[in-house]
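Visitor: Below is the file upload.cif, which contains mmCIF, C-alpha atoms.
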data_structure
#
loop_
_atom_site.label_atom_id
_atom_site.label_comp_id
_atom_site.auth_asym_id
_atom_site.auth_seq_id
_atom_site.Cartn_x
_atom_site.Cartn_y
_atom_site.Cartn_z
CA MET A 28 87.75 60.01 83.50
CA LEU A 29 85.70 62.24 85.81
CA GLN A 30 81.97 62.53 85.08
CA ASP A 31 79.95 64.74 87.42
CA GLY A 32 82.64 64.29 90.06
CA ILE A 33 82.61 60.49 89.81
CA GLN A 34 85.34 58.34 88.33
CA LEU A 35 84.19 56.40 85.29
CA THR A 36 86.33 54.20 83.10
CA PRO A 37 85.83 53.77 79.33
CA ALA A 38 83.01 51.44 78.42
CA SER A 39 83.58 48.02 76.95
CA THR A 40 83.03 47.25 73.28
CA SER A 41 80.92 44.31 74.35
CA ASN A 42 77.54 43.97 72.65
CA SER A 43 76.04 42.25 75.68
CA THR A 44 72.72 43.70 76.77
CA GLY A 45 71.85 41.34 79.59
CA LYS A 46 68.38 40.65 80.89
CA THR A 47 66.19 42.63 83.19
CA ARG A 48 65.60 41.21 86.64
CA ASN A 49 62.26 42.95 87.26
CA LYS A 50 61.68 43.22 90.91
CA GLY A 51 61.01 46.96 90.11
CA LYS A 52 64.59 47.81 91.07
CA GLU A 53 67.38 45.67 89.50
CA LEU A 54 68.67 45.55 85.95
CA ASN A 55 71.81 43.44 85.94
CA GLY A 56 70.19 40.20 84.86
CA SER A 57 71.74 36.76 85.01
CA ALA A 58 73.85 35.87 82.00
CA SER A 59 74.42 32.36 80.70
CA THR A 60 77.42 30.47 82.06
CA GLU A 61 79.41 31.09 78.87
CA GLU A 62 78.58 34.80 78.84
CA GLU A 63 79.40 35.05 82.53
CA GLU A 64 82.81 33.46 82.07
CA LYS A 65 83.58 35.97 79.33
CA ARG A 66 82.56 38.87 81.55
CA GLN A 67 84.46 37.46 84.52
CA GLY A 68 87.65 37.80 82.52
CA ASN A 69 86.83 41.20 81.05
CA GLY A 70 90.05 42.81 82.18
CA GLY A 71 92.06 42.32 79.00
CA ASP A 72 95.74 42.90 79.56
CA ALA A 73 95.17 45.59 82.19
CA GLN A 74 97.51 45.62 85.16
CA PRO A 75 95.99 44.00 88.28
CA PRO A 76 95.62 45.94 91.51
CA PRO A 77 98.73 45.81 93.73
CA ALA A 78 96.91 43.73 96.35
CA SER A 79 96.47 40.74 93.99
CA THR A 80 98.60 37.86 95.25
CA CYS A 81 96.62 35.02 93.63
CA THR A 82 98.81 33.80 90.75
CA THR A 83 95.85 33.54 88.36
CA CYS A 84 94.51 36.99 89.26
CA ALA A 85 98.02 38.45 89.06
CA LYS A 86 98.16 37.43 85.40
CA GLY A 87 95.04 39.48 84.63
CA HIS A 88 92.74 36.45 84.55
CA THR A 89 89.84 35.49 86.80
CA CYS A 90 90.39 32.57 89.13
CA GLN A 91 87.76 30.02 90.09
CA ALA A 92 87.58 31.47 93.60
CA VAL A 93 86.39 34.80 92.20
CA VAL A 94 83.80 33.08 89.98
CA SER A 95 82.50 31.02 92.92
CA ARG A 96 82.43 33.93 95.34
CA THR A 97 80.61 36.10 92.79
CA ARG A 98 77.91 33.47 92.39
CA GLU A 99 77.67 33.19 96.16
CA MET A 100 77.25 36.98 96.35
CA ARG A 101 74.40 36.78 93.86
CA SER A 102 72.73 34.01 95.88
CA LEU A 103 72.97 36.12 99.03
CA ILE A 104 71.41 39.08 97.21
CA ASP A 105 68.56 36.88 95.97
CA ALA A 106 68.08 35.79 99.60
CA LYS A 107 67.82 39.47 100.60
CA LYS A 108 71.18 39.39 102.38
CA SER A 109 72.92 42.15 100.45
CA HIS A 110 75.00 43.21 103.45
CA GLN A 111 76.54 39.72 103.57
CA ALA A 112 77.24 39.88 99.84
CA GLN A 113 79.09 43.16 100.35
CA ALA A 114 81.12 41.63 103.17
CA LEU A 115 81.99 38.66 100.97
CA PHE A 116 83.37 41.06 98.35
CA GLY A 117 85.71 42.47 100.99
CA HIS A 118 87.02 38.99 101.78
CA LEU A 119 88.05 38.52 98.13
CA ALA A 120 90.40 41.48 98.29
CA ASP A 121 91.67 40.46 101.72
CA GLU A 122 92.57 37.04 100.31
CA GLY A 123 94.56 38.63 97.47
CA HIS A 124 92.07 38.03 94.66
CA ARG A 125 91.19 40.43 91.85
CA PRO A 126 87.39 40.93 91.56
CA SER A 127 86.02 40.71 88.02
CA LEU A 128 83.59 43.06 86.30
CA VAL A 129 80.77 40.64 87.14
CA THR A 130 81.85 40.79 90.78
CA TYR A 131 81.74 44.58 90.76
CA THR A 132 78.35 44.55 89.01
CA THR A 133 77.05 42.19 91.68
CA LEU A 134 78.50 44.42 94.39
CA LEU A 135 76.74 47.41 92.84
CA THR A 136 73.45 45.54 93.12
CA ALA A 137 74.15 44.86 96.80
CA VAL A 138 75.02 48.52 97.38
CA THR A 139 71.83 49.63 95.62
CA ASN A 140 69.64 47.23 97.59
CA GLN A 141 71.05 48.61 100.84
CA ARG A 142 70.74 52.16 99.56
CA ALA A 143 74.39 52.63 100.49
CA PHE A 144 74.91 55.01 97.58
CA GLU A 145 77.85 56.72 99.24
CA ALA A 146 79.87 53.60 98.34
CA ILE A 147 79.49 54.14 94.58
CA PRO A 148 82.57 56.40 94.10
CA SER A 149 84.91 53.91 95.79
CA LEU A 150 83.36 51.06 93.79
CA LEU A 151 84.00 52.93 90.54
CA ALA A 152 87.51 53.78 91.66
CA GLY A 153 88.12 50.06 92.27
CA ILE A 154 87.04 49.24 88.72
CA ASP A 155 89.34 51.94 87.39
CA ALA A 156 92.29 50.68 89.47
CA ALA A 157 91.70 47.12 88.23
CA GLY A 158 91.76 48.26 84.60
CA LEU A 159 88.29 46.83 83.96
CA ARG A 160 86.03 48.27 81.28
CA PRO A 161 82.33 48.57 82.16
CA ASP A 162 79.92 46.92 79.73
CA ALA A 163 76.22 47.53 79.06
CA ILE A 164 75.15 45.38 82.00
CA PHE A 165 77.28 47.37 84.42
CA PHE A 166 76.13 50.70 82.99
CA ASN A 167 72.49 49.61 83.34
CA ALA A 168 73.12 48.67 86.97
CA LEU A 169 74.87 51.99 87.58
CA ILE A 170 72.04 54.00 86.01
CA ASN A 171 69.57 52.01 88.10
CA SER A 172 71.55 52.82 91.24
CA PHE A 173 71.54 56.54 90.48
CA VAL A 174 67.79 56.37 89.78
CA GLU A 175 67.18 54.63 93.10
CA ALA A 176 69.22 57.37 94.79
CA GLY A 177 67.14 60.05 93.07
CA ARG A 178 70.28 61.35 91.36
CA MET A 179 68.76 61.77 87.92
CA GLY A 180 71.48 64.14 86.73
CA GLU A 181 74.12 61.46 87.20
CA ALA A 182 71.83 58.79 85.73
CA THR A 183 71.38 60.91 82.60
CA SER A 184 75.09 61.72 82.36
CA THR A 185 75.91 58.01 82.54
CA PHE A 186 73.33 57.32 79.83
CA TRP A 187 74.88 59.87 77.46
CA LYS A 188 78.37 58.60 78.19
CA MET A 189 77.20 55.09 77.37
CA SER A 190 75.27 56.23 74.28
CA ARG A 191 77.53 58.64 72.47
CA HIS A 192 81.09 57.82 73.39
CA HIS A 193 81.11 54.02 73.33
CA PRO A 194 79.39 52.66 70.18
CA GLY A 195 79.93 49.04 71.24
CA CYS A 196 78.19 49.60 74.57
CA ARG A 197 74.78 50.87 73.59
CA PRO A 198 71.70 51.47 75.75
CA THR A 199 69.24 48.59 75.96
CA ILE A 200 65.50 48.67 76.49
CA SER A 201 66.21 48.25 80.21
CA THR A 202 68.31 51.43 80.14
CA PHE A 203 65.45 53.47 78.71
CA ASN A 204 62.82 51.88 80.95
CA THR A 205 64.87 52.70 84.03
CA LEU A 206 65.31 56.35 83.05
CA ILE A 207 61.63 56.76 82.15
CA LYS A 208 60.64 55.28 85.50
CA GLY A 209 63.21 57.38 87.37
CA PHE A 210 61.97 60.68 85.98
CA GLY A 211 58.40 59.64 86.77
CA ILE A 212 59.32 58.93 90.39
CA ALA A 213 61.19 62.24 90.54
CA GLY A 214 58.00 64.06 89.54
CA ARG A 215 59.22 64.92 86.05
CA PRO A 216 56.89 63.06 83.66
CA ASP A 217 57.74 65.49 80.86
CA GLU A 218 61.33 64.21 81.02
CA SER A 219 60.00 60.65 81.00
CA GLN A 220 58.15 61.51 77.80
CA ARG A 221 61.28 63.05 76.29
CA ILE A 222 63.30 59.89 76.94
CA PHE A 223 60.47 57.81 75.50
CA ASP A 224 60.29 59.96 72.36
CA MET A 225 64.03 59.62 71.90
CA MET A 226 63.69 55.86 72.18
CA ALA A 227 60.66 55.61 69.89
CA GLY A 228 61.90 57.87 67.13
CA GLY A 229 65.66 58.12 67.51
CA ASP A 230 67.43 61.33 68.48
CA GLY A 231 69.21 62.07 65.23
CA ALA A 232 72.45 60.57 66.50
CA GLY A 233 71.32 56.98 66.17
CA VAL A 234 71.27 56.43 69.93
CA ALA A 235 67.94 54.62 69.95
CA SER A 236 67.82 53.39 66.38
CA THR A 237 67.76 49.70 67.33
CA VAL A 238 65.67 49.94 70.51
CA ARG A 239 61.89 50.21 70.44
CA PRO A 240 59.36 50.53 73.29
CA ASN A 241 57.72 47.36 74.55
CA LEU A 242 54.61 46.89 76.69
CA THR A 243 56.60 47.48 79.87
CA THR A 244 57.92 50.77 78.49
CA TYR A 245 54.44 52.03 77.68
CA ASN A 246 53.12 50.99 81.09
CA ILE A 247 55.95 52.81 82.86
CA LEU A 248 55.21 55.99 80.91
CA VAL A 249 51.46 55.70 81.53
CA LYS A 250 52.21 55.42 85.25
CA ALA A 251 54.53 58.45 85.13
CA TRP A 252 51.66 60.58 83.81
CA CYS A 253 48.99 58.98 86.02
CA ASP A 254 51.02 59.48 89.19
CA HIS A 255 50.70 63.21 88.56
CA ARG A 256 47.03 62.98 87.53
CA ARG A 257 47.81 63.88 83.94
CA LEU A 258 45.14 61.59 82.53
CA GLU A 259 44.95 63.24 79.13
CA GLU A 260 48.64 62.59 78.52
CA ALA A 261 48.28 59.04 79.87
CA TRP A 262 45.48 58.28 77.41
CA GLY A 263 47.64 59.77 74.68
CA VAL A 264 50.28 57.15 75.46
CA VAL A 265 47.63 54.41 75.36
CA GLY A 266 46.50 55.64 71.95
CA ARG A 267 50.06 55.68 70.73
CA MET A 268 50.76 52.15 71.93
CA ARG A 269 47.65 50.87 70.14
CA ALA A 270 48.76 52.62 66.96
CA ARG A 271 52.05 50.72 67.24
CA GLY A 272 50.23 47.40 67.60
CA VAL A 273 50.83 47.07 71.35
CA GLU A 274 47.58 46.37 73.20
CA PRO A 275 47.06 47.61 76.77
CA ASP A 276 47.09 44.89 79.41
CA VAL A 277 45.65 44.59 82.93
CA VAL A 278 48.56 46.64 84.32
CA THR A 279 47.75 49.50 81.92
CA TYR A 280 44.08 49.59 82.88
CA ASN A 281 44.80 49.24 86.61
CA THR A 282 47.21 52.18 86.45
CA VAL A 283 44.64 54.43 84.79
CA ALA A 284 41.87 53.18 87.09
CA SER A 285 43.98 54.01 90.14
CA ALA A 286 44.51 57.55 88.86
CA TYR A 287 40.76 58.02 88.40
CA ALA A 288 40.04 56.66 91.88
CA LYS A 289 42.60 59.00 93.47
CA ASN A 290 40.93 61.86 91.60
CA ASP A 291 37.52 60.97 93.12
CA GLU A 292 36.30 59.70 89.76
CA THR A 293 35.90 56.06 90.72
CA TRP A 294 32.92 55.71 88.40
CA ARG A 295 35.33 56.23 85.51
CA ALA A 296 37.59 53.55 86.93
CA GLU A 297 34.63 51.16 87.02
CA GLU A 298 33.84 51.95 83.39
CA LEU A 299 37.26 50.57 82.50
CA VAL A 300 36.09 47.13 83.64
CA VAL A 301 33.68 47.10 80.70
CA GLU A 302 36.49 48.02 78.35
CA MET A 303 38.68 45.28 79.82
CA VAL A 304 35.96 42.69 79.28
CA ARG A 305 35.56 43.92 75.71
CA ALA A 306 39.31 43.47 75.22
CA ARG A 307 39.02 39.94 76.68
CA LEU A 308 41.17 40.83 79.66
CA ARG A 309 40.44 39.22 83.00
CA THR A 310 40.05 41.68 85.84
CA SER A 311 42.29 41.09 88.83
CA GLU A 312 41.98 41.47 92.60
CA ARG A 313 43.89 44.72 92.21
CA THR A 314 41.39 46.02 89.64
CA TRP A 315 38.48 45.57 92.01
CA GLY A 316 40.50 46.63 95.04
CA ILE A 317 41.17 49.98 93.35
CA ILE A 318 37.46 50.49 92.63
CA VAL A 319 36.24 49.38 96.06
CA GLY A 320 38.86 51.55 97.76
CA GLY A 321 37.93 54.52 95.60
CA TYR A 322 34.23 54.29 96.40
CA CYS A 323 35.01 53.91 100.11
CA ARG A 324 37.15 57.06 100.09
CA GLU A 325 34.30 58.91 98.39
CA GLY A 326 31.85 57.65 101.02
CA ARG A 327 29.85 55.69 98.42
CA LEU A 328 29.78 52.52 100.48
CA GLU A 329 26.79 50.90 98.81
CA GLU A 330 28.57 51.21 95.47
CA ALA A 331 31.64 49.63 97.05
CA LEU A 332 29.58 46.73 98.40
CA ARG A 333 27.93 46.26 95.00
CA CYS A 334 31.37 46.02 93.41
CA VAL A 335 32.44 43.32 95.86
CA ARG A 336 29.40 41.27 94.83
CA GLN A 337 30.11 41.99 91.17
CA MET A 338 33.71 40.97 91.74
CA LYS A 339 32.60 37.55 93.00
CA ASP A 340 30.21 37.18 90.08
CA ALA A 341 33.15 37.80 87.74
CA GLY A 342 34.98 34.87 89.30
CA VAL A 343 37.49 36.97 91.23
CA LEU A 344 37.46 36.20 94.94
CA PRO A 345 37.83 39.28 97.15
CA ASN A 346 41.01 39.17 99.20
CA VAL A 347 41.64 40.36 102.75
CA ILE A 348 42.62 43.83 101.56
CA VAL A 349 39.32 44.33 99.74
CA PHE A 350 37.24 43.17 102.72
CA ASN A 351 39.26 45.22 105.20
CA THR A 352 38.86 48.31 103.02
CA LEU A 353 35.09 47.81 102.88
CA LEU A 354 34.87 47.02 106.59
CA LYS A 355 36.84 50.13 107.52
CA GLY A 356 34.59 52.23 105.30
CA PHE A 357 31.43 51.12 107.13
CA LEU A 358 33.05 51.44 110.56
CA ASP A 359 34.24 54.96 109.74
CA ALA A 360 30.64 55.75 108.79
CA ASN A 361 29.46 54.29 112.15
CA ASP A 362 27.36 51.74 110.28
CA THR A 363 28.01 48.75 112.54
CA ALA A 364 25.14 46.73 111.09
CA ALA A 365 26.62 46.93 107.60
CA ALA A 366 30.05 46.16 109.04
CA ASP A 367 28.63 42.98 110.60
CA ASP A 368 27.14 42.05 107.21
CA VAL A 369 30.57 42.48 105.63
CA ARG A 370 32.08 40.19 108.26
CA THR A 371 29.44 37.58 107.48
CA PHE A 372 29.92 38.11 103.76
CA SER A 373 33.68 37.64 104.05
CA GLY A 374 33.27 34.49 106.06
#
Before anything else, please render the file you have as structure tokens.
Guide:
Amino acid sequence: MLQDGIQLTPASTSNSTGKTRNKGKELNGSASTEEEEKRQGNGGDAQPPPASTCTTCAKGHTCQAVVSRTREMRSLIDAKKSHQAQALFGHLADEGHRPSLVTYTTLLTAVTNQRAFEAIPSLLAGIDAAGLRPDAIFFNALINSFVEAGRMGEATSTFWKMSRHHPGCRPTISTFNTLIKGFGIAGRPDESQRIFDMMAGGDGAGVASTVRPNLTTYNILVKAWCDHRRLEEAWGVVGRMRARGVEPDVVTYNTVASAYAKNDETWRAEELVVEMVRARLRTSERTWGIIVGGYCREGRLEEALRCVRQMKDAGVLPNVIVFNTLLKGFLDANDTAAADDVRTFSG
């Protein structure tokens, strides 16, 4: 079936949702061995591709070679060698094996990591030719790939295909988080909010009836608004998360603090430290780095130096980034004496 000019096969009736591998970019998490074996054989009685000469693959099953090579591909990806993983996939076909759905999902991760998005149509065509039926894990990986490519139209189309036409292959929290993040990166926080609202309240068609926002979801949406200096909307999300019993964490506060600092309102960012202490949250190096950097950009170097001392008093040791930021601030202001003091202070 053609969807936005790209070949997509019907989704599986699998209820698998997978786990998120949060390096900020991947969603096809590692399944248990039993789950993986089931997905490796997710071809049903579909006819194998003509190139399959392995007797096991030719019967529509997944041979041990495919399972082993797929795991090796995943290891290469984890080692940041996605190009080698993609080459290994090619060897499977050359040797007459029939890649499984897990293999194709792993290949999609390699393609995404390399930003080789032009390979997606041929990858999908391969799945179609093999008679494999994408499951929720594959759809999540595909949506993530489109998001990484900035192709939000195709990401959304894939979401609706997954949501409305294949009841057994429903969106997971990772699906929604990826879309919310993608629209934020694309400069469309209003669309991020729309996806969030659909997730939080359902869309009338039952798409999101079993999926609810978690802390990560709220933080992604807060960032989407903050990245465009829409602080009022960001605080609205914080209020909403508290009303739902989800308390802001250090990531939430750091995101808002960063937005204030970029808006030359670093004093407001520093006020958040008091609120964090009240909430019994420990400030991080990033928290203080945001504040010190903000004051330096505003030319308020004494305030920045005070915050470094306050940072140490709070039991958070300034890192190289904090000291370099402060040092650069004084050097830019031609205050070499203060810069020397910072060098001594950092030593």
Visitor: Determine the residue set returned by the PyMOL selection byres ((chain A and resi 100) around 10) for the present structure, and present it as a ChimeraX atom specification.
Guide: /A:94-99,101-106,108-116,130,133-134,136-137
Visitor: Can you write out as JSON lines which residues of region 154-230 of chain A fall within 12 Å of region 242-248 of chain A, alongside each residue's closest atom pair and its distance in Å to one decimal, counting only C-alpha atoms and ordering rows by chain and ascending residue number?
Guide:
{"residue": "A:Thr199", "atom": "CA", "partner": "A:Thr244", "partner_atom": "CA", "distance": 11.8}
{"residue": "A:Ile200", "atom": "CA", "partner": "A:Thr244", "partner_atom": "CA", "distance": 8.1}
{"residue": "A:Ser201", "atom": "CA", "partner": "A:Thr244", "partner_atom": "CA", "distance": 8.8}
{"residue": "A:Thr202", "atom": "CA", "partner": "A:Thr244", "partner_atom": "CA", "distance": 10.5}
{"residue": "A:Phe203", "atom": "CA", "partner": "A:Thr244", "partner_atom": "CA", "distance": 8.0}
{"residue": "A:Asn204", "atom": "CA", "partner": "A:Thr244", "partner_atom": "CA", "distance": 5.6}
{"residue": "A:Thr205", "atom": "CA", "partner": "A:Ile247", "partner_atom": "CA", "distance": 9.0}
{"residue": "A:Leu206", "atom": "CA", "partner": "A:Ile247", "partner_atom": "CA", "distance": 10.0}
{"residue": "A:Ile207", "atom": "CA", "partner": "A:Leu248", "partner_atom": "CA", "distance": 6.6}
{"residue": "A:Lys208", "atom": "CA", "partner": "A:Ile247", "partner_atom": "CA", "distance": 5.9}
{"residue": "A:Gly209", "atom": "CA", "partner": "A:Ile247", "partner_atom": "CA", "distance": 9.7}
{"residue": "A:Phe210", "atom": "CA", "partner": "A:Leu248", "partner_atom": "CA", "distance": 9.7}
{"residue": "A:Gly211", "atom": "CA", "partner": "A:Leu248", "partner_atom": "CA", "distance": 7.6}
{"residue": "A:Ile212", "atom": "CA", "partner": "A:Ile247", "partner_atom": "CA", "distance": 10.3}
{"residue": "A:Arg215", "atom": "CA", "partner": "A:Leu248", "partner_atom": "CA", "distance": 11.1}
{"residue": "A:Pro216", "atom": "CA", "partner": "A:Leu248", "partner_atom": "CA", "distance": 7.8}
{"residue": "A:Asp217", "atom": "CA", "partner": "A:Leu248", "partner_atom": "CA", "distance": 9.8}
{"residue": "A:Glu218", "atom": "CA", "partner": "A:Leu248", "partner_atom": "CA", "distance": 10.2}
{"residue": "A:Ser219", "atom": "CA", "partner": "A:Leu248", "partner_atom": "CA", "distance": 6.7}
{"residue": "A:Gln220", "atom": "CA", "partner": "A:Leu248", "partner_atom": "CA", "distance": 7.0}
{"residue": "A:Arg221", "atom": "CA", "partner": "A:Leu248", "partner_atom": "CA", "distance": 10.4}
{"residue": "A:Ile222", "atom": "CA", "partner": "A:Leu248", "partner_atom": "CA", "distance": 9.8}
{"residue": "A:Phe223", "atom": "CA", "partner": "A:Leu248", "partner_atom": "CA", "distance": 7.8}
{"residue": "A:Asp224", "atom": "CA", "partner": "A:Leu248", "partner_atom": "CA", "distance": 10.7}
{"residue": "A:Met226", "atom": "CA", "partner": "A:Thr244", "partner_atom": "CA", "distance": 10.0}
{"residue": "A:Ala227", "atom": "CA", "partner": "A:Thr244", "partner_atom": "CA", "distance": 10.2}
Visitor: Can you translate the PyMOL selection byres ((chain A and resi 353-359) around 10) into the concrete residues it hits in this file, as a PyMOL selection string?
Guide: chain A and resi 316+319-320+322-329+331-332+335+347-352+360-370+373
Visitor: Within 12 Å of Asn171 (chain A), counting all atoms listed in the file, which residues show up once you throw out same-chain ones fewer than 4 positions away? Write them as a PyMOL selection string, please.
Guide: chain A and resi 47-49+51-55+132+135-136+138-140+142+144+164-167+175-179+181-183+185-186+201-210
Visitor: Give me, please, the distance in Å between CA of Glu312 (chain A) and CA of Leu344 (chain A), quoted to one decimal.
Guide: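 Between these atoms lies a distance of 7.3 Å.
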Visitor: Work out how far apart CA of Ser190 (chain A) and CA of Thr89 (chain A) are and give it in Å to one decimal.
Guide: 28.3 Å
Visitor: Have a look at A:Met189, A:Cys196, A:Ala341, A:Arg257 and name the one nearest to Gly214 (chain A); count only C-alpha atoms.
Guide: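 Comparing A:Met189, A:Cys196, A:Ala341, A:Arg257 against Gly214 (chain A), the winner is A:Arg257.
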Visitor: Between CA of Gly321 (chain A) and CA of Lys289 (chain A), what is the distance, to one decimal in Å?
Guide: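 So the two atoms, CA of Gly321 (chain A) and CA of Lys289 (chain A), lie 6.8 Å apart.
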Visitor: Select, from A:Leu119, A:Lys107, A:Arg125, A:Arg239, the residue with the minimum atom-to-atom distance to Ala85 (chain A), counting only C-alpha atoms.
Guide: A:Arg125
Visitor: With the file shown as input, list the residues that the PyMOL selection byres ((chain A and resi 147) around 9) selects, as a short mmCIF file (atom, residue, chain, number, x, y, z; two decimals) with C-alpha atoms, keeping the file's coordinate frame.
Guide:
data_model
loop_
_atom_site.label_atom_id
_atom_site.label_comp_id
_atom_site.auth_asym_id
_atom_site.auth_seq_id
_atom_site.Cartn_x
_atom_site.Cartn_y
_atom_site.Cartn_z
CA ILE A 33 82.61 60.49 89.81
CA LEU A 135 76.74 47.41 92.84
CA VAL A 138 75.02 48.52 97.38
CA THR A 139 71.83 49.63 95.62
CA ALA A 143 74.39 52.63 100.49
CA PHE A 144 74.91 55.01 97.58
CA GLU A 145 77.85 56.72 99.24
CA ALA A 146 79.87 53.60 98.34
CA PRO A 148 82.57 56.40 94.10
CA SER A 149 84.91 53.91 95.79
CA LEU A 150 83.36 51.06 93.79
CA LEU A 151 84.00 52.93 90.54
CA ALA A 152 87.51 53.78 91.66
CA LEU A 169 74.87 51.99 87.58
CA SER A 172 71.55 52.82 91.24
#
Visitor: My list of candidates is A:Ala92, A:Val278, A:Ala213, A:Val265. Which is closest to Ala251 (chain A) when distances are computed with only C-alpha atoms?
Guide: A:Ala213
Visitor: Can you work out which one of A:Asp254, A:Pro345, A:Thr371, A:Thr80 has the shortest atom-to-atom distance to Ala288 (chain A), counting only C-alpha atoms?
Guide: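 Closest to Ala288 (chain A) of all the choices is A:Asp254.
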Visitor: Listed atoms of region 271-285 of chain A, axis-aligned box, 5 Å per side: centre and edge lengths to one decimal in Å, as lines of an AutoDock Vina configuration file?
Guide:
center_x = 47.0
center_y = 49.5
center_z = 78.7
size_x = 20.2
size_y = 19.8
size_z = 32.9
Visitor: A:Arg307, A:Val249, A:Tyr280, A:Val238: which is nearest Arg295 (chain A), counting only C-alpha atoms?
Guide: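 The answer is A:Tyr280, which sits nearest to Arg295 (chain A).
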Visitor: Which is closer to Thr282 (chain A) than all the others in A:Phe173, A:Trp294, A:Trp252, A:Trp187, using all atoms listed in the file?
Guide: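 The shortest atom-to-atom distance to Thr282 (chain A) comes from A:Trp252.
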Visitor: Missing atoms in region 210-228 of chain A need filling: write out N, CA and C atoms for it as a compact mmCIF listing (two decimals), in the coordinates of the input.
Guide:
# COMPACT_ATOMS: atom_id res chain seq x y z
N PHE A 210 62.50 59.32 86.10
CA PHE A 210 61.97 60.68 85.98
C PHE A 210 60.53 60.76 86.46
N GLY A 211 59.77 59.67 86.26
CA GLY A 211 58.40 59.64 86.77
C GLY A 211 58.38 59.72 88.28
N ILE A 212 59.24 58.93 88.93
CA ILE A 212 59.32 58.93 90.39
C ILE A 212 59.77 60.30 90.90
N ALA A 213 60.67 60.93 90.14
CA ALA A 213 61.19 62.24 90.54
C ALA A 213 60.20 63.37 90.29
N GLY A 214 59.01 63.04 89.79
CA GLY A 214 58.00 64.06 89.54
C GLY A 214 58.23 64.85 88.27
N ARG A 215 58.91 64.23 87.30
CA ARG A 215 59.22 64.92 86.05
C ARG A 215 58.74 64.09 84.86
N PRO A 216 57.41 63.89 84.74
CA PRO A 216 56.89 63.06 83.66
C PRO A 216 57.20 63.61 82.27
N ASP A 217 57.39 64.92 82.16
CA ASP A 217 57.74 65.49 80.86
C ASP A 217 59.10 64.97 80.39
N GLU A 218 60.02 64.78 81.35
CA GLU A 218 61.33 64.21 81.02
C GLU A 218 61.19 62.73 80.66
N SER A 219 60.28 62.04 81.36
CA SER A 219 60.00 60.65 81.00
C SER A 219 59.54 60.56 79.55
N GLN A 220 58.65 61.48 79.18
CA GLN A 220 58.15 61.51 77.80
C GLN A 220 59.26 61.81 76.82
N ARG A 221 60.18 62.70 77.19
CA ARG A 221 61.28 63.05 76.29
C ARG A 221 62.19 61.85 76.04
N ILE A 222 62.48 61.10 77.10
CA ILE A 222 63.30 59.89 76.94
C ILE A 222 62.57 58.88 76.07
N PHE A 223 61.27 58.74 76.30
CA PHE A 223 60.47 57.81 75.50
C PHE A 223 60.50 58.21 74.03
N ASP A 224 60.30 59.49 73.74
CA ASP A 224 60.29 59.96 72.36
C ASP A 224 61.63 59.73 71.68
N MET A 225 62.70 59.89 72.43
CA MET A 225 64.03 59.62 71.90
C MET A 225 64.16 58.14 71.53
N MET A 226 63.63 57.31 72.40
CA MET A 226 63.69 55.86 72.18
C MET A 226 62.82 55.45 70.99
N ALA A 227 61.62 56.02 70.92
CA ALA A 227 60.66 55.61 69.89
C ALA A 227 61.02 56.11 68.51
N GLY A 228 61.63 57.29 68.44
CA GLY A 228 61.90 57.87 67.13
C GLY A 228 63.34 58.12 66.80
